[in-house]
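For reference, input05.csv is printed below; it contains CSV, C-alpha atoms and all ligand atoms.
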chain,number,residue,atom,x,y,z
B,25,MET,CA,-28.1,-21.4,19.0
B,26,THR,CA,-25.3,-19.1,18.0
B,27,ASP,CA,-22.9,-17.4,20.4
B,28,SER,CA,-24.2,-13.8,20.5
B,29,ILE,CA,-21.2,-12.4,22.4
B,30,PRO,CA,-19.1,-10.5,19.8
B,31,LYS,CA,-15.5,-11.6,19.7
B,32,MET,CA,-13.0,-9.2,21.0
B,33,SER,CA,-11.0,-7.5,18.4
B,34,VAL,CA,-7.3,-6.9,18.8
B,35,VAL,CA,-6.3,-3.4,17.9
B,36,ILE,CA,-3.1,-3.0,15.9
B,37,VAL,CA,-1.4,0.4,16.2
B,38,PRO,CA,1.7,1.0,14.2
B,39,CYS,CA,3.7,4.2,14.7
B,40,SER,CA,3.6,6.9,12.1
B,41,GLY,CA,7.4,7.0,11.5
B,42,ILE,CA,6.9,8.8,8.2
B,43,GLY,CA,10.3,9.4,6.6
B,44,LYS,CA,11.9,6.5,8.4
B,45,THR,CA,12.5,3.0,7.1
B,46,TYR,CA,11.5,1.3,10.3
B,47,GLY,CA,8.4,3.4,10.5
B,48,THR,CA,7.4,2.2,7.1
B,49,VAL,CA,8.2,-1.4,8.2
B,50,SER,CA,5.9,-1.0,11.2
B,51,ARG,CA,3.0,0.2,9.0
B,52,GLU,CA,3.6,-2.4,6.4
B,53,ALA,CA,3.6,-5.1,9.1
B,54,ALA,CA,0.3,-3.7,10.5
B,55,TYR,CA,-1.3,-3.9,7.1
B,56,ASP,CA,-0.1,-7.5,6.7
B,57,VAL,CA,-1.8,-8.5,9.9
B,58,THR,CA,-5.1,-6.6,9.5
B,59,ASP,CA,-5.5,-7.2,5.7
B,60,ASP,CA,-4.0,-10.6,5.2
B,61,LEU,CA,-3.1,-12.7,8.2
B,62,ARG,CA,-5.8,-12.0,10.8
B,63,PRO,CA,-8.4,-9.7,9.2
B,64,GLU,CA,-11.3,-11.1,11.2
B,65,GLU,CA,-9.6,-10.8,14.6
B,66,THR,CA,-7.9,-7.4,14.3
B,67,GLN,CA,-8.5,-3.8,13.3
B,68,LEU,CA,-6.0,-1.1,12.6
B,69,VAL,CA,-6.1,2.2,14.4
B,70,ALA,CA,-4.0,5.0,13.0
B,71,LEU,CA,-1.7,6.7,15.5
B,72,SER,CA,-2.6,10.0,13.9
B,73,MET,CA,-6.2,9.6,14.9
B,74,LEU,CA,-5.2,9.0,18.5
B,75,VAL,CA,-2.9,12.0,18.4
B,76,LEU,CA,-5.8,14.1,17.1
B,77,GLY,CA,-8.0,12.8,20.0
B,78,ASP,CA,-10.5,11.2,17.6
B,79,GLU,CA,-13.3,9.9,19.9
B,80,GLU,CA,-14.0,6.7,17.9
B,81,ALA,CA,-10.3,5.8,17.8
B,82,ARG,CA,-9.8,6.5,21.5
B,83,SER,CA,-12.8,4.4,22.5
B,84,THR,CA,-11.8,1.5,20.2
B,85,VAL,CA,-8.4,1.5,21.8
B,86,ALA,CA,-9.8,1.8,25.3
B,87,SER,CA,-12.2,-1.1,24.9
B,88,ASN,CA,-9.9,-3.7,23.2
B,89,PRO,CA,-6.5,-5.1,23.8
B,90,ALA,CA,-3.8,-3.4,21.7
B,91,ILE,CA,-0.6,-4.6,20.0
B,92,THR,CA,1.7,-1.7,19.2
B,93,ILE,CA,4.5,-1.6,16.6
B,94,ASP,CA,7.1,1.2,17.1
B,95,GLY,CA,9.8,2.2,14.7
B,96,CYS,CA,12.2,3.5,17.3
B,97,LYS,CA,12.8,3.8,21.1
B,98,LEU,CA,10.5,6.8,21.4
B,99,ALA,CA,7.7,4.3,21.2
B,100,CYS,CA,5.1,6.8,20.1
B,101,ALA,CA,2.4,4.2,19.4
B,102,THR,CA,2.8,2.5,22.8
B,103,LYS,CA,2.8,5.7,24.7
B,104,MET,CA,-0.3,7.1,22.8
B,105,VAL,CA,-2.3,3.9,23.3
B,106,ARG,CA,-1.6,4.1,27.1
B,107,GLU,CA,-2.5,7.8,27.1
B,108,SER,CA,-5.7,7.0,25.3
B,109,GLY,CA,-6.7,4.6,28.1
B,110,GLY,CA,-5.8,1.5,26.3
B,111,ALA,CA,-4.1,-1.7,27.5
B,112,VAL,CA,-1.0,-2.8,25.5
B,113,ALA,CA,-1.0,-6.6,25.3
B,114,GLN,CA,2.4,-6.5,23.6
B,115,ASP,CA,4.6,-3.9,22.2
B,116,PHE,CA,6.9,-4.6,19.3
B,117,ALA,CA,9.9,-2.5,18.3
B,118,VAL,CA,11.0,-2.9,14.7
B,119,LEU,CA,14.7,-2.7,15.7
B,120,GLU,CA,14.3,-5.6,18.2
B,121,VAL,CA,12.6,-7.7,15.6
B,122,TYR,CA,15.3,-6.8,13.0
B,123,ARG,CA,17.9,-8.2,15.4
B,124,ARG,CA,16.2,-11.6,15.0
B,125,TYR,CA,16.1,-11.4,11.2
B,126,LYS,CA,19.4,-9.9,10.3
B,127,GLN,CA,19.2,-11.6,6.9
B,128,PHE,CA,16.6,-9.0,5.9
B,129,LYS,CA,18.2,-5.6,5.2
B,130,PRO,CA,15.4,-3.0,5.1
B,131,GLN,CA,15.8,0.0,2.9
B,132,GLY,CA,13.5,2.5,1.4
B,133,ILE,CA,10.9,4.9,2.9
B,134,ALA,CA,8.0,5.5,0.5
B,135,GLU,CA,8.6,2.0,-0.9
B,136,LEU,CA,10.4,-0.7,0.9
B,137,ASN,CA,13.0,-2.9,-0.8
B,138,GLU,CA,12.5,-6.7,-0.7
B,139,GLY,CA,14.4,-7.0,2.6
B,140,GLY,CA,12.0,-4.4,4.2
B,141,LEU,CA,9.0,-6.2,2.9
B,142,ALA,CA,10.4,-9.5,4.2
B,143,LEU,CA,11.1,-8.0,7.6
B,144,ALA,CA,7.6,-6.5,7.7
B,145,ARG,CA,6.2,-10.0,6.9
B,146,ALA,CA,8.3,-11.7,9.6
B,147,LEU,CA,7.1,-9.1,12.1
B,148,ALA,CA,3.5,-9.5,11.0
B,149,GLU,CA,3.8,-13.3,11.6
B,150,GLU,CA,5.0,-12.6,15.2
B,151,VAL,CA,2.1,-10.1,15.7
B,152,ALA,CA,-0.4,-12.7,14.4
B,153,GLY,CA,1.0,-15.2,16.9
B,154,VAL,CA,0.3,-12.8,19.7
B,155,VAL,CA,-3.2,-12.0,18.4
B,156,ASP,CA,-3.9,-15.8,18.6
B,157,GLY,CA,-2.8,-15.8,22.2
B,158,VAL,CA,-4.7,-12.7,23.2
B,159,GLY,CA,-7.9,-13.9,21.5
B,160,SER,CA,-8.0,-17.4,22.8
B,201,LIG,S1,8.2,5.6,17.4
B,201,LIG,FE1,10.0,6.6,16.4
B,201,LIG,S2,9.8,6.2,14.2
B,201,LIG,FE2,7.8,5.8,15.2
B,201,LIG,S3,6.7,7.8,15.0
B,201,LIG,FE3,7.7,7.8,17.0
B,201,LIG,S4,9.6,8.8,16.6
B,201,LIG,FE4,8.8,8.2,14.6
Would you write the structure of this file as structure tokens?
Amino acid sequence: MTDSIPKMSVVIVPCSGIGKTYGTVSREAAYDVTDDLRPEETQLVALSMLVLGDEEARSTVASNPAITIDGCKLACATKMVRESGGAVAQDFAVLEVYRRYKQFKPQGIAELNEGGLALARALAEEVAGVVDGVGS
């Protein structure tokens, strides 16, 4: 007999810091998690859909634990998840993560340099670790 209860999916919400390097790092990290590291356990919800009040995005966020990744102190993703009725299991701030990985110097906006990609990857690994804790 198989377990018929669907596994809870962890929602990953990066901020939409378009035009800012840290915003690009946050989105890149979110893609790393949802596409590469934990594709079965996670799903990406775009901040813009929550801002627009998209019903499906709101209900996904309201019914699953969320991990947010923000590019600056304004914490748009974290605030918007909470305003959408979601529970934030953990909120990441790119700047905080950068402080732990000073060797990576992120640059670039449309395209990140190698340091930016490495920082995004390190951040994604931390997010994946939280996903494992939330899902177990
Ligand atoms: S958290 Fe900061 S970088 Fe991200 S969308 Fe908001 S203002 Fe922009």
(Q) Let me make sure I understand: among B:Cys39, B:Val151, B:Ile133, B:Met73, which one has the smallest atom-to-atom distance to Leu61 in chain B if we use only C-alpha atoms? (A)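 Comparing B:Cys39, B:Val151, B:Ile133, B:Met73 against Leu61 in chain B, the winner is B:Val151.
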Q | Counting all atoms listed in the file, the residue of B:Val49, B:Val121, B:Leu68, B:Ala146 that sits nearest ligand LIG 201 (chain B) | A |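 Result for the nearest residue to ligand LIG 201 (chain B): B:Val49.
Identified as lying at most 9 Å from ligand LIG 201 (chain B) when counting only C-alpha atoms and all ligand atoms are the residues Pro38, Cys39, Ser40, Gly41, Ile42, Gly43, Lys44, Thr45, Tyr46, Gly47, Thr48, Ser50, Leu71, Ile93, Asp94, Gly95, Cys96, Lys97, Leu98, Ala99, Cys100, Ala101, Thr102 and Ala117 of chain B.
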Q.
List the spatial neighbours of Gly157 in chain B as a ChimeraX atom specification - criterion: any atom at most 12 Å away, only C-alpha atoms, same-chain residues fewer than 2 positions off excluded.
A. /B:34,65,89,91,113-114,150-155,159-160
Q: Could you give me, as a PyMOL selection string, the residues within 10 Å of Val105 in chain B, counting all atoms listed in the file and dropping anything in the same chain fewer than 4 positions from it?
A: chain B and resi 35+37+69+71+74-75+81-82+85-86+89-92+100-101+109-112
